[in-house]
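Enquirer: Sharing entry.tsv (TSV, C-alpha atoms and all ligand atoms) below.
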```
chain	number	residue	atom	x	y	z
L	123	MET	CA	-202.07	-33.63	18.31
L	124	THR	CA	-205.46	-33.35	16.63
L	125	PRO	CA	-205.23	-30.85	13.78
L	126	ALA	CA	-207.33	-27.70	13.99
L	127	VAL	CA	-208.67	-28.34	10.50
L	128	ALA	CA	-208.61	-31.53	8.45
L	129	VAL	CA	-210.23	-31.52	5.04
L	130	THR	CA	-210.42	-34.65	2.88
L	131	SER	CA	-211.63	-34.73	-0.75
L	132	LEU	CA	-213.89	-31.80	0.01
L	133	SER	CA	-216.23	-30.65	-2.77
L	134	ARG	CA	-218.88	-28.00	-3.02
L	135	GLU	CA	-221.04	-27.49	-6.07
L	136	PHE	CA	-223.52	-24.66	-6.53
L	137	ARG	CA	-226.42	-25.76	-8.71
L	138	SER	CA	-228.74	-23.37	-10.45
L	139	PRO	CA	-231.03	-23.52	-13.50
L	140	ALA	CA	-228.18	-22.00	-15.48
L	141	GLY	CA	-225.93	-24.95	-14.69
L	142	SER	CA	-223.66	-26.03	-11.89
L	143	ARG	CA	-220.49	-24.38	-10.66
L	144	THR	CA	-217.73	-26.15	-8.78
L	145	ALA	CA	-216.44	-23.96	-5.95
L	146	LEU	CA	-214.37	-26.68	-4.23
L	147	ALA	CA	-213.05	-29.75	-6.03
L	148	ASP	CA	-211.60	-32.69	-4.13
L	149	LEU	CA	-209.67	-30.49	-1.74
L	150	ASP	CA	-207.33	-31.89	0.92
L	151	LEU	CA	-205.87	-29.62	3.59
L	152	VAL	CA	-204.56	-29.87	7.14
L	153	VAL	CA	-204.11	-26.89	9.46
L	154	GLU	CA	-202.20	-27.78	12.62
L	155	ALA	CA	-203.45	-26.65	16.02
L	156	GLY	CA	-201.89	-23.34	17.02
L	157	GLU	CA	-200.89	-22.49	13.48
L	158	THR	CA	-201.63	-19.24	11.65
L	159	HIS	CA	-202.54	-20.39	8.16
L	160	GLY	CA	-203.18	-18.15	5.17
L	161	LEU	CA	-205.42	-19.10	2.26
L	162	LEU	CA	-204.56	-17.27	-0.95
L	163	GLY	CA	-206.03	-17.44	-4.42
L	164	PRO	CA	-207.64	-15.33	-7.12
L	165	ASN	CA	-211.24	-14.12	-7.10
L	166	GLY	CA	-213.61	-17.07	-7.27
L	167	ALA	CA	-210.94	-19.59	-6.19
L	168	GLY	CA	-213.18	-20.98	-3.45
L	169	LYS	CA	-211.63	-19.36	-0.37
L	170	THR	CA	-214.84	-18.01	1.14
L	171	THR	CA	-216.67	-21.22	0.30
L	172	LEU	CA	-214.04	-23.26	2.16
L	173	VAL	CA	-214.20	-20.98	5.20
L	174	LYS	CA	-218.01	-21.16	5.18
L	175	VAL	CA	-217.97	-24.97	5.08
L	176	LEU	CA	-215.46	-25.10	7.95
L	177	ALA	CA	-217.50	-22.58	9.91
L	178	THR	CA	-220.63	-24.78	9.49
L	179	VAL	CA	-222.38	-22.05	7.52
L	180	LEU	CA	-222.46	-24.03	4.27
L	181	LEU	CA	-222.83	-27.77	3.72
L	182	PRO	CA	-220.29	-29.57	1.54
L	183	THR	CA	-221.58	-31.63	-1.39
L	184	GLY	CA	-218.80	-34.22	-1.10
L	185	GLY	CA	-215.88	-35.28	1.07
L	186	ARG	CA	-215.31	-34.50	4.72
L	187	ALA	CA	-214.20	-31.60	6.87
L	188	GLU	CA	-213.27	-31.69	10.55
L	189	VAL	CA	-212.51	-28.92	13.02
L	190	LEU	CA	-210.57	-30.05	16.12
L	191	GLY	CA	-211.40	-33.64	15.17
L	192	HIS	CA	-215.15	-33.07	14.91
L	193	ASP	CA	-217.14	-33.33	11.70
L	194	VAL	CA	-218.52	-29.95	10.60
L	195	VAL	CA	-221.75	-31.57	9.35
L	196	THR	CA	-222.64	-34.19	11.95
L	197	ASP	CA	-221.07	-32.31	14.89
L	198	ALA	CA	-221.86	-28.77	13.83
L	199	ARG	CA	-223.07	-27.63	17.25
L	200	TRP	CA	-219.85	-28.79	18.94
L	201	VAL	CA	-217.76	-27.06	16.28
L	202	ARG	CA	-219.73	-23.80	16.45
L	203	ARG	CA	-219.04	-23.42	20.16
L	204	ARG	CA	-215.28	-23.55	19.60
L	205	ILE	CA	-214.82	-21.33	16.59
L	206	GLY	CA	-214.98	-17.63	15.84
L	207	ILE	CA	-215.90	-16.29	12.43
L	208	VAL	CA	-215.04	-12.90	11.00
L	209	PHE	CA	-216.53	-12.07	7.63
L	210	GLY	CA	-216.17	-8.56	6.27
L	211	GLY	CA	-218.96	-6.13	5.39
L	212	ASP	CA	-221.96	-5.04	7.39
L	213	GLY	CA	-223.51	-8.47	7.80
L	214	GLY	CA	-223.74	-9.71	11.36
L	215	LEU	CA	-223.51	-6.30	13.02
L	216	TYR	CA	-226.49	-4.43	14.42
L	217	THR	CA	-225.76	-0.98	13.10
L	218	ARG	CA	-228.42	0.98	15.03
L	219	ILE	CA	-226.95	0.04	18.40
L	220	SER	CA	-223.52	0.67	19.87
L	221	ALA	CA	-220.40	-1.45	19.48
L	222	ARG	CA	-220.59	-2.34	23.17
L	223	LYS	CA	-224.24	-3.44	22.88
L	224	ASN	CA	-223.37	-5.55	19.86
L	225	LEU	CA	-220.70	-7.35	21.86
L	226	LEU	CA	-222.97	-7.74	24.90
L	227	PHE	CA	-225.58	-9.29	22.65
L	228	TRP	CA	-223.10	-11.75	21.16
L	229	ALA	CA	-221.70	-12.55	24.59
L	230	SER	CA	-225.21	-13.43	25.78
L	231	MET	CA	-225.62	-15.66	22.72
L	232	TYR	CA	-222.51	-17.52	23.90
L	233	GLY	CA	-224.13	-17.95	27.29
L	234	LEU	CA	-222.02	-15.45	29.26
L	235	ARG	CA	-223.66	-13.98	32.38
L	236	PRO	CA	-224.15	-10.18	32.34
L	237	GLN	CA	-221.10	-9.36	34.48
L	238	ALA	CA	-218.78	-11.67	32.53
L	239	ALA	CA	-220.25	-10.34	29.29
L	240	ARG	CA	-219.48	-6.74	30.32
L	241	ARG	CA	-215.92	-7.70	31.21
L	242	ARG	CA	-215.46	-9.52	27.90
L	243	ALA	CA	-216.91	-6.61	25.92
L	244	ASP	CA	-214.62	-4.10	27.66
L	245	GLU	CA	-211.56	-6.26	27.13
L	246	LEU	CA	-212.33	-6.82	23.44
L	247	LEU	CA	-213.16	-3.18	22.73
L	248	GLY	CA	-209.74	-2.26	24.13
L	249	ARG	CA	-208.07	-5.04	22.23
L	250	VAL	CA	-209.31	-3.81	18.86
L	251	GLY	CA	-208.85	-0.12	19.73
L	252	LEU	CA	-212.55	0.83	19.80
L	253	ASP	CA	-212.85	1.71	23.48
L	254	GLY	CA	-213.06	5.42	22.66
L	255	ARG	CA	-216.10	4.92	20.39
L	256	ALA	CA	-217.72	2.01	22.21
L	257	ASP	CA	-221.04	3.70	22.90
L	258	GLU	CA	-221.72	5.16	19.44
L	259	PRO	CA	-224.13	3.48	17.04
L	260	VAL	CA	-222.20	1.27	14.64
L	261	GLU	CA	-223.80	2.98	11.63
L	262	ARG	CA	-221.51	5.94	12.33
L	263	PHE	CA	-218.41	3.74	12.10
L	264	SER	CA	-216.04	3.75	9.15
L	265	ARG	CA	-215.52	0.52	7.23
L	266	GLY	CA	-212.26	-0.20	9.03
L	267	MET	CA	-213.86	0.39	12.43
L	268	LYS	CA	-216.67	-2.01	11.53
L	269	GLN	CA	-214.05	-4.53	10.51
L	270	ARG	CA	-212.38	-4.17	13.90
L	271	LEU	CA	-215.73	-4.69	15.60
L	272	HIS	CA	-216.17	-7.84	13.51
L	273	LEU	CA	-212.86	-9.04	14.88
L	274	ALA	CA	-213.97	-8.38	18.44
L	275	ARG	CA	-217.20	-10.22	17.71
L	276	GLY	CA	-215.23	-13.20	16.41
L	277	LEU	CA	-213.38	-13.36	19.73
L	278	VAL	CA	-216.42	-13.11	22.03
L	279	GLY	CA	-216.77	-16.86	22.41
L	280	ASP	CA	-213.07	-17.29	23.32
L	281	PRO	CA	-212.57	-19.49	20.22
L	282	ARG	CA	-209.82	-22.05	19.82
L	283	VAL	CA	-210.03	-21.69	16.06
L	284	LEU	CA	-210.64	-18.36	14.40
L	285	PHE	CA	-211.72	-18.04	10.75
L	286	LEU	CA	-211.03	-14.64	9.21
L	287	ASP	CA	-212.21	-13.84	5.69
L	288	GLU	CA	-210.32	-10.81	4.33
L	289	PRO	CA	-209.89	-9.38	7.82
L	290	THR	CA	-208.07	-6.16	6.95
L	291	VAL	CA	-210.11	-4.98	3.97
L	292	GLY	CA	-210.95	-1.34	4.63
L	293	MET	CA	-208.46	-0.92	7.48
L	294	ASP	CA	-206.00	1.95	7.34
L	295	PRO	CA	-202.29	1.01	7.51
L	296	VAL	CA	-202.06	1.64	11.26
L	297	ALA	CA	-205.11	-0.50	11.99
L	298	ALA	CA	-203.76	-3.21	9.65
L	299	LEU	CA	-200.47	-3.18	11.56
L	300	GLU	CA	-202.39	-3.41	14.84
L	301	PHE	CA	-204.27	-6.34	13.33
L	302	ARG	CA	-200.99	-8.14	12.66
L	303	ARG	CA	-199.97	-7.59	16.26
L	304	LEU	CA	-203.32	-8.95	17.42
L	305	VAL	CA	-202.92	-12.09	15.30
L	306	GLY	CA	-199.49	-12.54	16.89
L	307	GLU	CA	-201.11	-12.35	20.33
L	308	LEU	CA	-203.82	-14.83	19.40
L	309	ARG	CA	-201.16	-17.19	18.13
L	310	ALA	CA	-199.17	-16.79	21.37
L	311	GLU	CA	-202.34	-17.74	23.26
L	312	GLY	CA	-202.34	-21.03	21.36
L	313	ARG	CA	-205.29	-20.25	19.12
L	314	THR	CA	-205.42	-21.37	15.51
L	315	VAL	CA	-206.00	-18.61	12.98
L	316	PHE	CA	-207.14	-19.49	9.46
L	317	LEU	CA	-207.38	-16.43	7.25
L	318	THR	CA	-208.05	-15.59	3.63
L	319	THR	CA	-206.36	-12.55	2.18
L	320	HIS	CA	-205.33	-10.88	-1.04
L	321	ASP	CA	-202.64	-8.97	0.80
L	322	MET	CA	-199.37	-10.84	0.22
L	323	ALA	CA	-197.36	-8.69	2.64
L	324	GLU	CA	-199.92	-9.42	5.34
L	325	ALA	CA	-199.80	-13.15	4.62
L	326	GLU	CA	-196.01	-13.10	4.74
L	327	ALA	CA	-196.03	-11.15	7.99
L	328	VAL	CA	-198.48	-13.23	10.00
L	329	CYS	CA	-198.75	-16.75	8.55
L	330	ASP	CA	-196.75	-19.81	9.56
L	331	ARG	CA	-197.93	-21.61	6.43
L	332	ILE	CA	-199.71	-20.65	3.28
L	333	SER	CA	-202.04	-22.57	0.98
L	334	LEU	CA	-202.70	-21.46	-2.53
L	335	ILE	CA	-205.98	-22.47	-4.14
L	336	ASP	CA	-207.28	-21.92	-7.64
L	337	GLY	CA	-210.46	-23.22	-9.28
L	338	GLY	CA	-211.44	-24.94	-6.03
L	339	ARG	CA	-208.23	-27.02	-6.04
L	340	LEU	CA	-205.26	-26.85	-3.72
L	341	LEU	CA	-202.12	-25.84	-5.61
L	342	LEU	CA	-199.69	-25.93	-2.71
L	343	THR	CA	-199.23	-25.69	1.04
L	344	GLU	CA	-195.86	-24.51	2.27
L	345	ARG	CA	-194.15	-22.82	5.19
L	346	THR	CA	-194.20	-19.10	4.48
L	347	GLU	CA	-190.43	-18.67	4.58
L	348	LEU	CA	-189.98	-21.52	2.09
L	349	VAL	CA	-192.52	-20.35	-0.47
L	350	GLY	CA	-189.91	-18.24	-2.29
L	351	GLY	CA	-187.83	-21.39	-2.84
L	352	LEU	CA	-190.64	-22.94	-4.88
L	353	LEU	CA	-189.71	-20.86	-7.88
L	354	ALA	CA	-186.95	-22.49	-9.87
L	355	VAL	CA	-184.93	-19.27	-9.91
L	356	GLY	CA	-182.22	-17.92	-7.66
L	357	ASP	CA	-182.40	-15.07	-5.17
L	358	ARG	CA	-182.95	-11.53	-6.35
L	359	ILE	CA	-179.93	-9.22	-6.03
L	360	ASP	CA	-180.56	-5.58	-5.13
L	361	PHE	CA	-177.74	-3.10	-5.59
L	362	SER	CA	-176.89	0.55	-6.11
L	363	THR	CA	-174.94	2.08	-8.97
L	364	ALA	CA	-174.94	5.49	-10.59
L	365	ASP	CA	-173.25	4.04	-13.69
L	366	GLU	CA	-175.95	3.25	-16.26
L	367	HIS	CA	-173.55	1.06	-18.24
L	368	VAL	CA	-173.65	-1.52	-15.45
L	369	PRO	CA	-177.34	-2.52	-15.81
L	370	ARG	CA	-177.01	-2.38	-19.59
L	371	ALA	CA	-173.97	-4.71	-19.60
L	372	LEU	CA	-175.65	-7.07	-17.14
L	373	ARG	CA	-178.70	-7.45	-19.39
L	374	GLU	CA	-176.41	-8.81	-22.14
L	375	ARG	CA	-175.44	-11.80	-19.98
L	376	SER	CA	-177.17	-15.15	-20.55
L	377	ASP	CA	-177.29	-15.88	-16.78
L	378	VAL	CA	-179.28	-12.67	-16.13
L	379	GLY	CA	-183.06	-12.71	-16.52
L	380	ALA	CA	-183.82	-9.04	-15.87
L	381	VAL	CA	-182.34	-5.87	-14.40
L	382	ASP	CA	-184.93	-3.29	-13.40
L	383	ALA	CA	-184.77	0.12	-11.78
L	384	GLN	CA	-186.28	0.19	-8.28
L	385	ASP	CA	-187.66	2.90	-6.03
L	386	GLY	CA	-184.83	4.99	-4.60
L	387	VAL	CA	-181.91	6.76	-6.20
L	388	ASP	CA	-179.75	4.47	-8.38
L	389	ARG	CA	-181.36	1.32	-6.96
L	390	TRP	CA	-181.59	-1.73	-9.21
L	391	ARG	CA	-182.82	-5.31	-8.93
L	392	LEU	CA	-181.26	-8.19	-10.80
L	393	VAL	CA	-183.29	-11.37	-11.32
L	394	PRO	CA	-181.06	-14.26	-12.43
L	395	ALA	CA	-182.05	-16.35	-15.45
L	396	PRO	CA	-183.15	-19.93	-14.60
L	397	GLY	CA	-179.97	-21.77	-13.61
L	398	GLY	CA	-178.09	-18.49	-13.10
L	399	ASP	CA	-175.50	-18.74	-10.28
L	400	VAL	CA	-176.25	-16.04	-7.69
L	401	GLY	CA	-172.75	-16.27	-6.16
L	402	GLU	CA	-171.12	-15.75	-9.56
L	403	LEU	CA	-173.39	-12.78	-10.31
L	404	VAL	CA	-172.60	-11.19	-6.95
L	405	LYS	CA	-168.87	-11.39	-7.87
L	406	VAL	CA	-169.58	-9.74	-11.23
L	407	LEU	CA	-171.46	-6.93	-9.47
L	408	VAL	CA	-168.70	-6.38	-6.91
L	409	ASP	CA	-166.12	-6.21	-9.74
L	410	ALA	CA	-168.33	-3.64	-11.50
L	411	GLY	CA	-168.10	-1.44	-8.40
L	412	VAL	CA	-171.75	-1.53	-7.29
L	413	THR	CA	-172.64	-0.84	-3.64
L	414	SER	CA	-175.33	-1.79	-1.10
L	415	LEU	CA	-175.64	-5.35	-2.37
L	416	ARG	CA	-178.44	-7.39	-0.86
L	417	THR	CA	-179.89	-10.73	-1.91
L	418	SER	CA	-183.41	-11.90	-1.09
L	419	PRO	CA	-185.56	-14.89	-2.07
L	420	PRO	CA	-188.50	-14.26	-4.41
L	421	SER	CA	-191.39	-12.70	-2.50
L	422	LEU	CA	-194.70	-14.43	-1.96
L	423	GLU	CA	-196.18	-12.01	-4.48
L	424	GLU	CA	-193.71	-13.13	-7.15
L	425	VAL	CA	-194.46	-16.78	-6.46
L	426	TYR	CA	-198.19	-16.09	-6.54
L	427	LEU	CA	-198.00	-14.21	-9.83
L	428	SER	CA	-195.79	-16.86	-11.32
L	429	LEU	CA	-198.11	-19.73	-10.32
L	430	ILE	CA	-201.47	-18.05	-10.85
L	431	GLY	CA	-200.40	-15.53	-13.49
L	432	SER	CA	-203.09	-14.23	-15.80
L	433	ARG	CA	-205.44	-17.00	-14.63
L	434	GLY	CA	-206.20	-14.64	-11.77
L	435	LEU	CA	-208.21	-12.58	-14.21
L	436	ALA	CA	-210.06	-15.47	-15.86
L	437	ILE	CA	-212.89	-16.28	-13.44
L	501	LIG	N1	-224.25	-18.85	-3.42
L	501	LIG	C1	-223.60	-19.13	-4.55
L	501	LIG	N2	-224.27	-19.52	-5.65
L	501	LIG	C2	-223.64	-19.84	-6.80
L	501	LIG	N3	-222.31	-19.78	-6.97
L	501	LIG	C3	-221.58	-19.41	-5.90
L	501	LIG	C4	-222.17	-19.05	-4.65
L	501	LIG	N4	-221.18	-18.71	-3.78
L	501	LIG	C5	-220.01	-18.83	-4.45
L	501	LIG	N5	-220.25	-19.25	-5.73
L	501	LIG	C6	-219.24	-19.52	-6.76
L	501	LIG	O1	-218.24	-20.38	-6.21
L	501	LIG	C7	-216.94	-19.99	-6.67
L	501	LIG	C8	-216.04	-19.73	-5.48
L	501	LIG	O2	-216.49	-18.55	-4.81
L	501	LIG	P1	-215.82	-18.00	-3.47
L	501	LIG	O3	-216.66	-16.89	-2.97
L	501	LIG	O4	-215.60	-19.15	-2.54
L	501	LIG	O5	-214.41	-17.47	-4.02
L	501	LIG	P2	-213.28	-16.63	-3.28
L	501	LIG	O6	-212.00	-17.37	-3.49
L	501	LIG	O7	-213.67	-16.35	-1.88
L	501	LIG	O8	-213.26	-15.28	-4.15
L	501	LIG	P3	-212.91	-13.75	-3.74
L	501	LIG	O9	-211.43	-13.65	-3.66
L	501	LIG	O10	-213.44	-12.99	-4.92
L	501	LIG	O11	-213.63	-13.43	-2.45
L	501	LIG	C9	-217.15	-18.77	-7.58
L	501	LIG	O12	-217.18	-19.22	-8.91
L	501	LIG	C10	-218.50	-18.24	-7.15
L	501	LIG	O13	-219.16	-17.60	-8.21
```
Render the structure in this file as structure tokens.

Expert:
Amino acid sequence: MTPAVAVTSLSREFRSPAGSRTALADLDLVVEAGETHGLLGPNGAGKTTLVKVLATVLLPTGGRAEVLGHDVVTDARWVRRRIGIVFGGDGGLYTRISARKNLLFWASMYGLRPQAARRRADELLGRVGLDGRADEPVERFSRGMKQRLHLARGLVGDPRVLFLDEPTVGMDPVAALEFRRLVGELRAEGRTVFLTTHDMAEAEAVCDRISLIDGGRLLLTERTELVGGLLAVGDRIDFSTADEHVPRALRERSDVGAVDAQDGVDRWRLVPAPGGDVGELVKVLVDAGVTSLRTSPPSLEEVYLSLIGSRGLAI
């Protein structure tokens, strides 16, 4: 099947009198059709630039990018008709008019007749939970409500591929949860969702695969559930004990990397040292009388911090 996104040796330089800056450097990436793919990376990594190139908003300076098998430069019109774009902020929304009128306007831009446009607007307003405020000017909306309207706008053209740049910034936890449900629905409808996020829990919850980029280069692409296995350390072991000698004694062992107190009464987390045998450590813990043992692979956040580390602060 033709991939939703295929990027080959893609580069993008920004030139200015002060010098040139490489936002994307020789990037290769494939996003399969129907996949929900998350793009992670520190500030300035090139995430927005990549999404803009794929969405035909920005021209690449080298390499090639295709959406659904069509070149984003030479076939930009074809691509535009099949994608939806959701960028955060106020841009792209007409704030003096209502949410409904915004959607009707965008529906007319996609060539929908008035009746079909009204139906689409109603359906989308309900889908993003704005039906109760549909006729208020957007300038009265909170940031999260504007973000939800952006989402609705991105869906007006019934896109096969949806690009979302930081889609849940400004959403409250309930709206963010609703957003995850919505992404699940879009996925079930066979749409491809390509999203950038700084929210690791969100990426873990909604993405089939994750790509990590830094300095305009691709560091890795992996299935979300396998990302934890990329760290050359064993599973974490969570346990409960009221006996403070237990964590202290564990820290003395050469096969233990760290033992840290966790949220909750008498909860601890043991991280094995590289090469530490998780099975052996579990036995040690059982013999020490701990309770509520649970092992889990390293989280996406741990992998991210381990791979990107303090580079995330050096833009
Ligand atoms: N219009 C522009 N002119 C000059 N440099 C730019 C422009 N847009 C982006 N850049 C530079 O390109 C690099 C990548 O920026 P980009 O916005 O793609 O990063 P990002 O990964 O989306 O970051 P963030 O997580 O902060 O949103 C940065 O160094 C940025 O300063």

Enquirer: What is the distance between CA of Leu286 (chain L) and CA of Ala310 (chain L), in Å to one decimal?

Expert: 17.1 Å

Enquirer: From the list L:Gly306, L:Gly411, L:Pro396, L:Gly210, which residue is nearest ligand LIG 501 (chain L) when using only C-alpha atoms and all ligand atoms?

Expert: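 Closest to ligand LIG 501 (chain L), using only C-alpha atoms and all ligand atoms: L:Gly210.
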
Enquirer: Near region 265-276 of chain L, counting only C-alpha atoms, which residues have an atom at most 10 Å away, once you skip same-chain residues fewer than 2 positions from it, shown as a ChimeraX atom specification?

Expert: /L:205-215,217,221-222,224-229,242-243,245-252,255-256,260-263,278-281,283-286,288-294,297-298,301,304

Enquirer: Could you give me, as a JSON list (two decimals) with C-alpha atoms, keeping the file's coordinate frame, every polymer residue with an atom at most 12 Å away from an atom of ligand LIG 501 (chain L), counting only C-alpha atoms and all ligand atoms?

Expert:
```json
[["chain", "number", "residue", "atom", "x", "y", "z"],
["L", 133, "SER", "CA", -216.23, -30.65, -2.77],
["L", 134, "ARG", "CA", -218.88, -28.00, -3.02],
["L", 135, "GLU", "CA", -221.04, -27.49, -6.07],
["L", 136, "PHE", "CA", -223.52, -24.66, -6.53],
["L", 137, "ARG", "CA", -226.42, -25.76, -8.71],
["L", 138, "SER", "CA", -228.74, -23.37, -10.45],
["L", 139, "PRO", "CA", -231.03, -23.52, -13.50],
["L", 140, "ALA", "CA", -228.18, -22.00, -15.48],
["L", 141, "GLY", "CA", -225.93, -24.95, -14.69],
["L", 142, "SER", "CA", -223.66, -26.03, -11.89],
["L", 143, "ARG", "CA", -220.49, -24.38, -10.66],
["L", 144, "THR", "CA", -217.73, -26.15, -8.78],
["L", 145, "ALA", "CA", -216.44, -23.96, -5.95],
["L", 146, "LEU", "CA", -214.37, -26.68, -4.23],
["L", 147, "ALA", "CA", -213.05, -29.75, -6.03],
["L", 161, "LEU", "CA", -205.42, -19.10, 2.26],
["L", 162, "LEU", "CA", -204.56, -17.27, -0.95],
["L", 163, "GLY", "CA", -206.03, -17.44, -4.42],
["L", 164, "PRO", "CA", -207.64, -15.33, -7.12],
["L", 165, "ASN", "CA", -211.24, -14.12, -7.10],
["L", 166, "GLY", "CA", -213.61, -17.07, -7.27],
["L", 167, "ALA", "CA", -210.94, -19.59, -6.19],
["L", 168, "GLY", "CA", -213.18, -20.98, -3.45],
["L", 169, "LYS", "CA", -211.63, -19.36, -0.37],
["L", 170, "THR", "CA", -214.84, -18.01, 1.14],
["L", 171, "THR", "CA", -216.67, -21.22, 0.30],
["L", 172, "LEU", "CA", -214.04, -23.26, 2.16],
["L", 173, "VAL", "CA", -214.20, -20.98, 5.20],
["L", 174, "LYS", "CA", -218.01, -21.16, 5.18],
["L", 175, "VAL", "CA", -217.97, -24.97, 5.08],
["L", 179, "VAL", "CA", -222.38, -22.05, 7.52],
["L", 180, "LEU", "CA", -222.46, -24.03, 4.27],
["L", 181, "LEU", "CA", -222.83, -27.77, 3.72],
["L", 209, "PHE", "CA", -216.53, -12.07, 7.63],
["L", 210, "GLY", "CA", -216.17, -8.56, 6.27],
["L", 211, "GLY", "CA", -218.96, -6.13, 5.39],
["L", 286, "LEU", "CA", -211.03, -14.64, 9.21],
["L", 287, "ASP", "CA", -212.21, -13.84, 5.69],
["L", 288, "GLU", "CA", -210.32, -10.81, 4.33],
["L", 289, "PRO", "CA", -209.89, -9.38, 7.82],
["L", 291, "VAL", "CA", -210.11, -4.98, 3.97],
["L", 317, "LEU", "CA", -207.38, -16.43, 7.25],
["L", 318, "THR", "CA", -208.05, -15.59, 3.63],
["L", 319, "THR", "CA", -206.36, -12.55, 2.18],
["L", 320, "HIS", "CA", -205.33, -10.88, -1.04],
["L", 321, "ASP", "CA", -202.64, -8.97, 0.80],
["L", 334, "LEU", "CA", -202.70, -21.46, -2.53],
["L", 335, "ILE", "CA", -205.98, -22.47, -4.14],
["L", 336, "ASP", "CA", -207.28, -21.92, -7.64],
["L", 337, "GLY", "CA", -210.46, -23.22, -9.28],
["L", 338, "GLY", "CA", -211.44, -24.94, -6.03],
["L", 339, "ARG", "CA", -208.23, -27.02, -6.04],
["L", 340, "LEU", "CA", -205.26, -26.85, -3.72],
["L", 434, "GLY", "CA", -206.20, -14.64, -11.77],
["L", 435, "LEU", "CA", -208.21, -12.58, -14.21],
["L", 436, "ALA", "CA", -210.06, -15.47, -15.86],
["L", 437, "ILE", "CA", -212.89, -16.28, -13.44]]
```

Enquirer: Separation of CA of Ser428 (chain L) and CA of Thr363 (chain L), in Å?

Expert: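 Between CA of Ser428 (chain L) and CA of Thr363 (chain L) the gap works out to 28.3 Å.
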
Enquirer: Closest to Arg370 (chain L) among L:Met123, L:Val404, L:Leu392, L:Met322, using only C-alpha atoms?

Expert: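 Between L:Met123, L:Val404, L:Leu392, L:Met322, the residue approaching Arg370 (chain L) most closely is L:Leu392.
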
Enquirer: Between CA of Ser414 (chain L) and CA of Ser362 (chain L), what distance in Å does the model show, to one decimal?

Expert: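 Between CA of Ser414 (chain L) and CA of Ser362 (chain L) the gap works out to 5.7 Å.
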
Enquirer: Using all atoms listed in the file, find the one residue out of L:Gly185, L:Pro394, L:Pro259, L:Gly191 that sits nearest to Glu154 (chain L).

Expert: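 For Glu154 (chain L), the nearest of the given residues is L:Gly191.
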
Enquirer: Kindly indicate which residue among L:Val393, L:Gln384, L:Asp257, L:Ala177 lies nearest to Leu190 (chain L), using all atoms listed in the file for the distances.

Expert: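 Comparing L:Val393, L:Gln384, L:Asp257, L:Ala177 against Leu190 (chain L), the winner is L:Ala177.
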
Enquirer: Please list, as number ranges by chain, the residues that have an atom at most 7 Å away from (-181.3, -11.5, -11.6) in the coordinates of this file, counting all atoms listed in the file.

Expert: L: 358-359, 378-381, 391-395

Enquirer: Select, from L:Val127, L:Leu415, L:Leu422, L:Leu132, the residue with the minimum atom-to-atom distance to Val152 (chain L), counting all atoms listed in the file.

Expert: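 Looking only at the distances to Val152 (chain L), the closest residue turns out to be L:Val127.
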
Enquirer: For Ser421 (chain L), find every residue with an atom within 9 Å (counting only C-alpha atoms), except residues of its own chain fewer than 2 positions away, and show them as number ranges by chain.

Expert: L: 322-323, 326, 349-350, 418-419, 423-426

Enquirer: Using only C-alpha atoms for the distances, tell me which of L:Asp409, L:Ser376, L:Val400, L:Thr178 is nearest to Arg199 (chain L).

Expert: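 Selected residue with least distance to Arg199 (chain L): L:Thr178.
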
Enquirer: Excluding Cys329 (chain L) and residues on its chain fewer than 5 positions from it, collect all residues at most 7 Å away from it, counting all atoms listed in the file, and give them as a list of chain:residue names.

Expert: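 Residues near the query, excluding close chain neighbours: L:Thr158, L:His159, L:Gly160, L:Thr346.
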
Enquirer: Determine the axis-aligned bounding box of all atoms of region 324-338 of chain L present in the file, pad each side by 5 Å, and express its centre and edge lengths in Å to one decimal place as JSON.

Expert:
```
{"center_x": -203.7, "center_y": -17.2, "center_z": 0.4, "size_x": 25.4, "size_y": 25.5, "size_z": 29.3}
```
